[in-house]
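Undergrad: Sending over a structure as structure tokens; questions will come in a sec.
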Amino acid sequence: MNSGQTASRASERDTAFDVVIVGAGFAGMYMLHCLRGLGLSVRVYEAGGDVGGTWYWNRYPGARCDVESLQYSYSFSPALDQDWHWSEKYSPQPEILAYANHVADRFALRRDMRFETRVTAATFDERAKRWSVETDRGDQVSAQFFILAVGCLSAANKPQFEGLSDFQGPIYHTGEWPHEGVDFTGLRVGVIGTGSSAIQSIPMIASQAASLTVFQRTASYSVPAWNAKISPEAEQAAKADYPALRAKARARPTGVYFPYSMQSALSATPEEREQKYEESWSRGGLPFLGAYGDLLFEKEANDTIADFARRKIRALVKDPATADLLCPDNVLGCKRLCVDSGYYETYNLPHVHLVDVSKRPVERFTQQGIVANGREYPLDAVVCATGFDAMTGSFSRIRITGKSGLTLSEKWHAGPRTYLGLCAEGFPNMFVVAGPGSPSVLASLIQAIEQHVDWIADCIAHLRDVGAQTIETLRQYEDDWVEHVNEVAKVSLRSTCSSWYVGANVPGKPRVFMPYIGGFPVYVNRCNEVMSNGYEGFVLEGANDHNAPPKVRLTERWRVPLDMDVISPAALAARRVPIV
């Protein structure tokens, strides 16, 4: 664990590194590990007090991953795979954070990290061909490469309700939970929001609170996790051939391996669909959307699974009026599908109440509670489960200035623009891990992180091999990629509703579908092609051998064939790839 030396450390000034990384979550940790392997000097700055990223901050009750534990983990170290033990099918936050700490200890990562340090500015010096980086701790350092590993869901979205400062009780945000925990025993608690963090935390809060009032603007679909302990037999079976499991996962559209069907829901009889949905519901989790291959592409097909989910909600919630409020009226999967443990059943408890604020939002806070729909609800504590400024929020909190004084915020004023989600034109030697325009949140995020990090590390190694000072995206290639990301998004029903995928939860944010929805293996193959074609779409300045073919070091393990059992050429051509 962080020994606490950060709190009293002296600021670093006029210090030069090969690379500066922002963030010490799973992306920053692995990026550091890979760059060390190249013999480069690296400094990592992290706003939190230790490693773990989103799992360091999100400590709210019930927080856990919605990707199965045996796949939500690093794949770069066979020894790590074998040595680490996951206790549950879906890992709780403390266990994932313990894993992050174990990785940091195992690979001695902390010596190159500075915690409780927020990067405030980064400026590209066009004459020196280097980045100047400043922090809130007075650090002023330079680096040839600047890498943003800031996370997709790390900038808490804190609504500015009227009267917040008047409320006499504590106000919490699920994304910045007190590390010492919160005891709600005997309190009247209000929760604002019914997204993923609310759905996970509400059953836990209800088990303590004297009363719980949930303020819901938009209902979310949720599927039971059916979480359980991992049996020794299941763990042994996975570890017996872990590389095969990893390879099968990489070949799937989400980077996660699970069984799903390419059959059309509309080609099945109603009886067949009902049986299939029951089977999928009984397995639980995100794979529920894999019951049929056209659920996110054909509205009529989606209606069948949405109707099934609404029937399940009405069967679980005893009060018909409450059940109606909890039934979404949009496409199942157009917002992130949630995974729960007893969420809907919680509303059967006599001290839990649901308040609809879809037509009249929360009006204001008072000294004693919240006013909604013209009524004051007395509360002792409030939890804002209002999500994040997703995908771009952490970037906008740093003043990043590229060539000719252009800031990244200015470049992205109408929505994020990248090439492959990795780089942005006008910002040489700057890389983004799991950025907008890449699969990121639509894939198993650690797999997406590893693929990006390996590509970036191989790219930096190639620049060193050929003596290049900088690498920068060409505008036309960036334009083409942005257009492709937008076109693919239009084919999916995911583009049909307001969600954090398009920034709809943040007032004033441009409405752009930010992640790449074309499928993880399709994306990976494109990244591999760019590299194999001598970094197609990039300009390498100062290279002494422009014809030297790139040496594939880390990226080799991502050269996996598409799983043609689940991704046919026709499906790819029509973009009919099931994405959860």
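Quick note on naming: the chains in the structure tokens go A, B, ... in the order shown, residues restart at 1 in each chain, and ligands are numbered from 1 in order of appearance.
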Please provide the set of residues having any atom within 8 Å of segment 434-441 of chain A, restricted to only C-alpha atoms, with same-chain residues fewer than 6 positions apart removed, written as number ranges by chain.

TA: A: 149, 151-152, 391-392, 416-422, 448-449, 452, 481-482, 485, 514-520, 523

Undergrad: Write out as a list in words each polymer residue whose atoms come within 9 Å of segment 14-21 of chain A, counting only C-alpha atoms; drop sequence neighbours fewer than 3 positions from it.

TA: Ala24, Gly28, Met31, Leu32, Leu35, Leu40, Ser41, Val42, Arg43, Val44, Tyr45, Glu46, Trp131, Val133, Asp139, Gln140, Val141, Ser142, Ala143, Gln144, Phe145, Phe146, Ile147, Leu148, Ala149 and Val150 of chain A

Undergrad: Which is closer to Gly193 of chain A than all the others in A:Tyr260, A:Phe215, A:Trp281, A:Phe26, using only C-alpha atoms?

TA: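 Nearest candidate to Gly193 of chain A out of A:Tyr260, A:Phe215, A:Trp281, A:Phe26: A:Phe215.
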
Undergrad: Using only C-alpha atoms, I'd like a table of the residues in segment 151-188 of chain A that come within 9 Å of segment 348-365 of chain A; for each, show the closest atom pair and its distance in Å rounded to one decimal, ordered by chain and ascending number, as a tab-separated table.

TA:
```
residue	atom	partner	partner_atom	distance
A:Phe161	CA	A:Arg364	CA	5.8
A:Glu162	CA	A:Arg364	CA	4.7
A:Gly163	CA	A:Phe365	CA	4.7
A:Leu164	CA	A:Phe365	CA	5.4
A:Ser165	CA	A:Phe365	CA	8.2
A:Asp166	CA	A:Phe365	CA	6.9
A:Phe167	CA	A:Phe365	CA	6.1
```

Undergrad: Nearest residue to Glu176 of chain A out of A:Gln275, A:Asn528, A:Ser154, A:Asn101, using only C-alpha atoms?

TA: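 Using only C-alpha atoms, Glu176 of chain A sits closest to A:Ser154.
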
Undergrad: Using only C-alpha atoms, pick whichever of A:Gly426, A:Pro507, A:Pro270, A:Gly52 has the shortest atom-to-atom distance to Thr473 of chain A.

TA: A:Gly426

Undergrad: For Gln82 of chain A, please output as a ChimeraX atom specification all residues within 10 Å (counting only C-alpha atoms; exclusion window: fewer than 5 positions along the same chain).

TA: /A:77,235-236,238-240,242

Undergrad: Any chance you could list, as a list of chain:residue names, the residues in segment 239-274 of chain A that come up alpha helix (DSSP H) when DSSP is run on the backbone?

TA: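 So, restricting segment 239-274 of chain A to alpha helix (DSSP H), we get A:Lys239, A:Ala240, A:Tyr242, A:Pro243, A:Ala244, A:Leu245, A:Arg246, A:Ala247, A:Lys248, A:Ala249, A:Arg250, A:Pro270, A:Glu271, A:Glu272, A:Arg273, A:Glu274.
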
Undergrad: With distances taken over only C-alpha atoms, which residue among A:Glu68, A:Glu345, A:Ala381, A:Asp125 lies nearest Tyr257 of chain A?

TA: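 Among the listed residues, A:Glu68 lies closest to Tyr257 of chain A.
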
Undergrad: Which value, in Å to one decimal, gives the distance between atom CA of Leu332 of chain A and atom CA of Gly290 of chain A?

TA: 11.9 Å

Undergrad: Quick one: residues within 12 Å of Ala306 of chain A, only C-alpha atoms counted, chain neighbours fewer than 3 positions away excluded, as number ranges by chain?

TA: A: 220-223, 273-274, 277, 288-289, 295-296, 299-303, 309-313, 327-334, 337

Undergrad: Find the residues around Thr386 of chain A up to 8 Å (only C-alpha atoms counted), leave out those fewer than 2 positions away in its own chain, and share them as a ChimeraX atom specification.

TA: /A:156-159,173-174,192-193,195,384,388

Undergrad: Could you write out the selected residues, including N, CA, C and O atoms, as a PDB file, in the first residue's frame?

TA:
```pdb
ATOM      1  N   ALA A 156     -16.925  12.371 -11.455  1.00  0.00           N
ATOM      2  CA  ALA A 156     -18.269  12.304 -10.875  1.00  0.00           C
ATOM      3  C   ALA A 156     -19.142  13.441 -11.398  1.00  0.00           C
ATOM      4  O   ALA A 156     -18.717  14.595 -11.480  1.00  0.00           O
ATOM      5  N   ASN A 157     -20.380  13.092 -11.751  1.00  0.00           N
ATOM      6  CA  ASN A 157     -21.362  14.075 -12.204  1.00  0.00           C
ATOM      7  C   ASN A 157     -22.186  14.518 -10.993  1.00  0.00           C
ATOM      8  O   ASN A 157     -23.013  13.768 -10.487  1.00  0.00           O
ATOM      9  N   LYS A 158     -21.932  15.726 -10.537  1.00  0.00           N
ATOM     10  CA  LYS A 158     -22.595  16.236  -9.339  1.00  0.00           C
ATOM     11  C   LYS A 158     -23.591  17.326  -9.725  1.00  0.00           C
ATOM     12  O   LYS A 158     -23.185  18.463  -9.985  1.00  0.00           O
ATOM     13  N   PRO A 159     -24.856  16.993  -9.780  1.00  0.00           N
ATOM     14  CA  PRO A 159     -25.868  17.990 -10.158  1.00  0.00           C
ATOM     15  C   PRO A 159     -25.887  19.160  -9.172  1.00  0.00           C
ATOM     16  O   PRO A 159     -25.742  18.967  -7.954  1.00  0.00           O
ATOM     17  N   HIS A 173     -21.783  11.146  -2.876  1.00  0.00           N
ATOM     18  CA  HIS A 173     -21.855  10.723  -4.282  1.00  0.00           C
ATOM     19  C   HIS A 173     -21.259   9.333  -4.362  1.00  0.00           C
ATOM     20  O   HIS A 173     -20.184   9.063  -3.791  1.00  0.00           O
ATOM     21  N   THR A 174     -21.940   8.436  -5.070  1.00  0.00           N
ATOM     22  CA  THR A 174     -21.465   7.050  -5.128  1.00  0.00           C
ATOM     23  C   THR A 174     -20.062   6.947  -5.707  1.00  0.00           C
ATOM     24  O   THR A 174     -19.316   6.027  -5.361  1.00  0.00           O
ATOM     25  N   ILE A 192     -30.870   9.767  -5.069  1.00  0.00           N
ATOM     26  CA  ILE A 192     -31.236  10.399  -6.335  1.00  0.00           C
ATOM     27  C   ILE A 192     -30.588   9.617  -7.460  1.00  0.00           C
ATOM     28  O   ILE A 192     -29.361   9.535  -7.554  1.00  0.00           O
ATOM     29  N   GLY A 193     -31.418   9.028  -8.325  1.00  0.00           N
ATOM     30  CA  GLY A 193     -30.900   8.254  -9.448  1.00  0.00           C
ATOM     31  C   GLY A 193     -31.238   6.788  -9.327  1.00  0.00           C
ATOM     32  O   GLY A 193     -31.343   6.239  -8.217  1.00  0.00           O
ATOM     33  N   GLY A 195     -29.613   4.466 -11.764  1.00  0.00           N
ATOM     34  CA  GLY A 195     -28.695   3.807 -12.678  1.00  0.00           C
ATOM     35  C   GLY A 195     -27.963   2.693 -11.977  1.00  0.00           C
ATOM     36  O   GLY A 195     -28.389   2.191 -10.920  1.00  0.00           O
ATOM     37  N   CYS A 384     -26.285  10.870  -3.874  1.00  0.00           N
ATOM     38  CA  CYS A 384     -26.412  11.203  -5.294  1.00  0.00           C
ATOM     39  C   CYS A 384     -25.803  10.068  -6.111  1.00  0.00           C
ATOM     40  O   CYS A 384     -24.578   9.937  -6.190  1.00  0.00           O
ATOM     41  N   PHE A 388     -21.534   9.718 -13.925  1.00  0.00           N
ATOM     42  CA  PHE A 388     -20.278  10.368 -14.274  1.00  0.00           C
ATOM     43  C   PHE A 388     -20.418  11.223 -15.526  1.00  0.00           C
ATOM     44  O   PHE A 388     -21.316  11.016 -16.344  1.00  0.00           O
TER      45      PHE A 388
END
```

Undergrad: Can you tell me which residues surround segment 87-96 of chain A at a distance of at most 9 Å, considering only C-alpha atoms, apart from same-chain residues fewer than 4 positions away, and format the answer as a PyMOL selection string?

TA: chain A and resi 52+55-56+58-60+62-70+72-73+100-101+225-231

Undergrad: Tell me, in Å to one decimal, how far atom CA of Val317 of chain A is from atom CA of Met204 of chain A.

TA: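 For atom CA of Val317 of chain A relative to atom CA of Met204 of chain A, the distance reads 17.5 Å.
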
Undergrad: Quote the spacing between atom CA of Ala321 of chain A and atom CA of Tyr347 of chain A in Å to one decimal place.

TA: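 Those two atoms sit 11.2 Å apart.
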
Undergrad: Apply DSSP to the structure's backbone, then extract all residues of segment 51-141 of chain A labelled strand (DSSP E) and return them as JSON, numbers by chain.

TA: {"A": [113, 114, 119, 120, 121, 122, 123, 124, 125, 130, 131, 132, 133, 134, 135, 140, 141]}

Undergrad: Using only C-alpha atoms, which of the listed residues (A:Arg314, A:Arg127, A:Gly190, A:Pro521) sits closest to Gln216 of chain A?

TA: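 Once distances to Gln216 of chain A are computed over only C-alpha atoms, the minimum belongs to A:Gly190.
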
Undergrad: For segment 531-537 of chain A, list every protein, DNA or RNA residue within 10 Å, evaluated using only C-alpha atoms, and leave out those in the same chain fewer than 5 positions away; present the list as a PyMOL selection string.

TA: chain A and resi 419+455+458-459+462+471-478+525-526+546-552+555
